[in-house]
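final-v7.cif follows; it contains mmCIF, C-alpha atoms and all ligand atoms.
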```cif
data_run
#
loop_
_atom_site.label_atom_id
_atom_site.label_comp_id
_atom_site.auth_asym_id
_atom_site.auth_seq_id
_atom_site.Cartn_x
_atom_site.Cartn_y
_atom_site.Cartn_z
CA MET A 1 95.50 129.08 84.56
CA THR A 2 95.02 131.17 87.61
CA ARG A 3 92.09 130.84 89.82
CA LEU A 4 90.65 133.41 92.07
CA MET A 5 91.16 132.47 95.59
CA LEU A 6 89.59 134.38 98.31
CA VAL A 7 92.14 134.42 100.98
CA LEU A 8 90.40 135.99 103.82
CA ALA A 9 92.62 138.08 105.92
CA ALA A 10 90.54 137.80 109.02
CA VAL A 11 86.84 137.43 108.85
CA ALA A 12 86.38 141.07 108.86
CA VAL A 13 84.25 143.17 110.93
CA ILE A 14 80.73 142.48 110.00
CA GLY A 15 78.42 144.26 112.34
CA ALA A 16 79.66 145.95 115.47
CA GLY A 17 80.71 149.52 115.27
CA ALA A 18 84.13 148.58 114.33
CA ALA A 19 85.01 151.58 112.30
CA ALA A 20 87.51 152.57 114.89
CA ILE A 21 89.72 149.60 114.36
CA ALA A 22 92.70 150.66 112.41
CA GLY A 23 93.96 147.90 110.25
CA CYS A 24 96.76 146.18 111.95
CA GLY A 25 97.60 144.04 109.04
CA SER A 26 99.01 141.08 110.72
CA GLY A 27 97.09 138.82 108.49
CA GLY A 28 94.72 136.44 109.86
CA GLN A 29 93.07 133.33 110.65
CA ALA A 30 89.50 132.99 109.71
CA THR A 31 87.71 131.32 112.49
CA ALA A 32 85.64 128.49 111.34
CA ALA A 33 83.28 129.02 114.16
CA GLY A 34 79.81 129.90 113.25
CA SER A 35 79.81 133.57 114.00
CA THR A 36 77.01 134.15 116.46
CA ALA A 37 78.23 134.50 119.91
CA THR A 38 81.55 136.22 120.00
CA GLY A 39 80.56 139.00 122.29
CA GLN A 40 83.39 141.44 122.22
CA SER A 41 83.73 143.57 119.20
CA SER A 42 86.91 145.19 120.19
CA MET A 43 89.80 144.11 122.27
CA PRO A 44 91.74 146.94 123.72
CA MET A 45 95.39 146.40 123.14
CA PRO A 46 97.56 147.22 126.07
CA SER A 47 99.62 149.94 124.57
CA SER A 48 102.42 149.50 127.01
CA MET A 49 103.26 146.15 125.57
CA PRO A 50 105.57 145.96 122.63
CA MET A 51 103.76 144.66 119.61
CA PRO A 52 104.99 141.29 118.58
CA ALA A 53 106.76 141.59 115.31
CA ALA A 54 104.35 140.58 112.63
CA GLY A 55 106.95 138.43 111.06
CA THR A 56 107.59 135.81 113.66
CA SER A 57 106.87 133.61 110.83
CA ALA A 58 107.15 130.07 111.98
CA ALA A 59 103.41 130.49 111.75
CA SER A 60 101.87 127.31 112.85
CA LYS A 61 98.60 128.09 111.19
CA ALA A 62 98.38 128.74 107.54
CA PRO A 63 95.91 131.44 106.63
CA ALA A 64 92.58 129.97 105.76
CA THR A 65 91.37 129.99 102.21
CA LEU A 66 87.66 130.53 102.06
CA GLU A 67 85.82 128.95 99.15
CA LEU A 68 82.21 128.99 100.22
CA HIS A 69 79.25 128.01 98.08
CA ARG A 70 81.25 126.49 95.28
CA SER A 71 80.47 123.29 93.54
CA VAL A 72 84.10 122.29 93.10
CA VAL A 73 87.23 123.44 94.86
CA HIS A 74 90.70 122.23 93.95
CA VAL A 75 93.64 121.57 96.21
CA LYS A 76 97.04 121.07 94.67
CA ILE A 77 99.58 118.78 96.17
CA VAL A 78 102.85 120.30 95.20
CA ASN A 79 106.32 120.43 96.71
CA PHE A 80 105.23 118.11 99.48
CA ALA A 81 102.48 120.41 100.64
CA PHE A 82 98.76 120.82 100.27
CA GLU A 83 97.82 124.05 98.61
CA PRO A 84 95.81 125.61 100.11
CA SER A 85 96.56 123.74 103.28
CA HIS A 86 93.73 125.28 105.27
CA LEU A 87 90.57 125.33 103.25
CA ILE A 88 87.05 126.28 104.24
CA VAL A 89 84.16 125.10 102.08
CA SER A 90 80.42 124.73 102.32
CA PRO A 91 78.57 121.44 102.65
CA GLY A 92 77.97 119.90 99.26
CA THR A 93 81.19 121.17 97.77
CA ARG A 94 83.28 118.67 95.87
CA VAL A 95 86.90 118.99 96.94
CA VAL A 96 89.44 117.65 94.49
CA TRP A 97 93.06 117.08 95.47
CA THR A 98 95.45 116.63 92.57
CA ASN A 99 99.00 115.47 92.96
CA GLU A 100 101.39 117.61 90.96
CA ASP A 101 104.51 116.13 92.49
CA SER A 102 106.48 113.30 91.04
CA ASP A 103 106.27 111.52 94.38
CA PRO A 104 103.05 109.79 95.37
CA HIS A 105 100.93 111.26 98.12
CA THR A 106 97.76 110.43 99.97
CA VAL A 107 94.97 112.52 101.42
CA THR A 108 94.13 110.83 104.69
CA ALA A 109 92.04 112.12 107.55
CA ASP A 110 93.91 112.23 110.86
CA SER A 111 91.00 110.54 112.49
CA ALA A 112 88.90 108.14 110.51
CA GLY A 113 86.73 109.61 107.83
CA PHE A 114 88.41 109.53 104.49
CA SER A 115 91.55 108.37 102.82
CA SER A 116 92.76 108.28 99.29
CA GLN A 117 95.00 105.69 97.81
CA ALA A 118 98.50 106.73 96.92
CA LEU A 119 98.05 109.31 94.21
CA ASP A 120 100.51 109.21 91.39
CA THR A 121 101.48 112.28 89.48
CA GLY A 122 98.41 113.82 87.95
CA SER A 123 95.99 111.67 89.90
CA SER A 124 93.15 113.15 91.86
CA TYR A 125 91.12 112.32 94.90
CA THR A 126 87.61 113.71 95.25
CA LEU A 127 85.62 114.13 98.39
CA VAL A 128 82.17 115.61 98.72
CA ALA A 129 82.01 117.66 101.89
CA LYS A 130 79.02 116.53 103.84
CA ARG A 131 79.36 116.89 107.56
CA SER A 132 80.22 120.23 109.02
CA GLY A 133 83.36 120.25 111.03
CA SER A 134 87.09 120.56 110.89
CA PHE A 135 88.94 117.69 109.33
CA PRO A 136 92.69 117.67 109.67
CA TYR A 137 94.40 115.36 107.25
CA HIS A 138 97.88 114.32 106.23
CA CYS A 139 99.82 112.23 103.76
CA THR A 140 100.55 108.75 105.05
CA ILE A 141 103.70 108.52 102.98
CA HIS A 142 105.03 111.84 104.26
CA PRO A 143 103.47 112.34 107.69
CA PHE A 144 104.88 115.85 107.92
CA MET A 145 102.44 116.93 105.23
CA HIS A 146 99.37 118.36 106.87
CA GLY A 147 96.21 120.06 105.77
CA THR A 148 92.88 121.02 107.22
CA LEU A 149 89.53 120.92 105.53
CA VAL A 150 86.82 122.87 107.27
CA VAL A 151 83.22 122.34 106.24
CA GLN A 152 81.29 125.31 107.43
CA GLY A 153 77.57 125.56 107.36
CU CU B 201 103.12 112.72 100.55
#
```
Spell out the structure here as structure tokens.
Amino acid sequence: MTRLMLVLAAVAVIGAGAAAIAGCGSGGQATAAGSTATGQSSMPMPSSMPMPAAGTSAASKAPATLELHRSVVHVKIVNFAFEPSHLIVSPGTRVVWTNEDSDPHTVTADSAGFSSQALDTGSSYTLVAKRSGSFPYHCTIHPFMHGTLVVQG
């Protein structure tokens, strides 16, 4: 069953007379920062510089998936990856990771904070987002598996 996921391609242009910005669709990171003080509304691009090809795709940052003001948000663990790997939720949201792999995985904060037990296939781990902040996490069994939970608000 498909779920709607708001993948924000850049926290777009609220305020500021930004009508002049032509979409340069390089796709984006949503900043988890709380919006107030970013002074500049437009950054002039030096036109003499060659644009970096939009597909230099060893992208270190996965695009953020914004799921604000929801009671429950699900993260799949599938093919040795968290999906979505970079998730932004509001305080109070219940985040549920479910392992869909046949290998066990954990959901473990990089710094202390939370950790699941090894999740077998079909098992879930639930966390209620309380503190605001950015919480990188990984799987202790497969340390190359990384995700980030951002609690924004
Ligand atoms: Cu794992």
Notebook entry, point to check: Which protein, DNA or RNA residues have an atom within 12 Å of ligand CU 201 (chain B), counting all atoms listed in the file, as a ChimeraX atom specification?
Noted result: /A:76-82,98-108,116-121,137-147
Notebook entry, point to check: Which is closest to Tyr125 of chain A among A:Arg70, A:Glu83, A:Val95, A:Pro63, if we use all atoms listed in the file?
Noted result: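 The answer is A:Val95, which sits nearest to Tyr125 of chain A.
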Next item on the list: Go ahead and compute the interatomic distance for atom CA of Ser115 of chain A and atom CA of Ser85 of chain A, in Å to one decimal.
Entry: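 Pair atom CA of Ser115 of chain A / atom CA of Ser85 of chain A returns 16.2 Å.
One distance worth recording is that between atom CA of Ser90 of chain A and atom CA of Gln152 of chain A, which is 5.2 Å.
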Item checked: Distance criterion (all atoms listed in the file): nearest to Arg131 of chain A out of A:Pro84, A:Val75, A:Val151, A:Val96 -> A:Val151
Next item on the list: For atom CA of Asp110 of chain A and atom CA of Phe135 of chain A, determine how far apart the two atoms are, in Å to one decimal place.
Entry: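 Atom-to-atom, atom CA of Asp110 of chain A and atom CA of Phe135 of chain A are spaced 7.5 Å apart.
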Notebook entry, point to check: Between A:Ser132, A:Gly92, A:Ser111, A:Ser124, which is the closest to His69 of chain A once you count only C-alpha atoms?
Noted result: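 Looking only at the distances to His69 of chain A, the closest residue turns out to be A:Gly92.
Here the selection is built from all atoms listed in the file, and the residues within 6 Å of (83.5, 128.4, 103.8) turn out to be Leu66, Glu67, Leu68, Ile88, Val89, Ser90 and Gln152 of chain A.
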Margin query: Please determine, counting only C-alpha atoms, which residue among A:Ala129, A:Val73, A:Pro136, A:Ala64 has the shortest atom-to-atom distance to Thr148 of chain A.
Written below: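 Going through A:Ala129, A:Val73, A:Pro136, A:Ala64 one by one, the smallest distance to Thr148 of chain A is for A:Pro136.
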Note to self: Nearest residue to Pro91 of chain A out of A:Gly153, A:Thr126, A:Phe114, A:Ser71, using all atoms listed in the file?
What the structure shows: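 Closest residue, counting all atoms listed in the file: A:Gly153.
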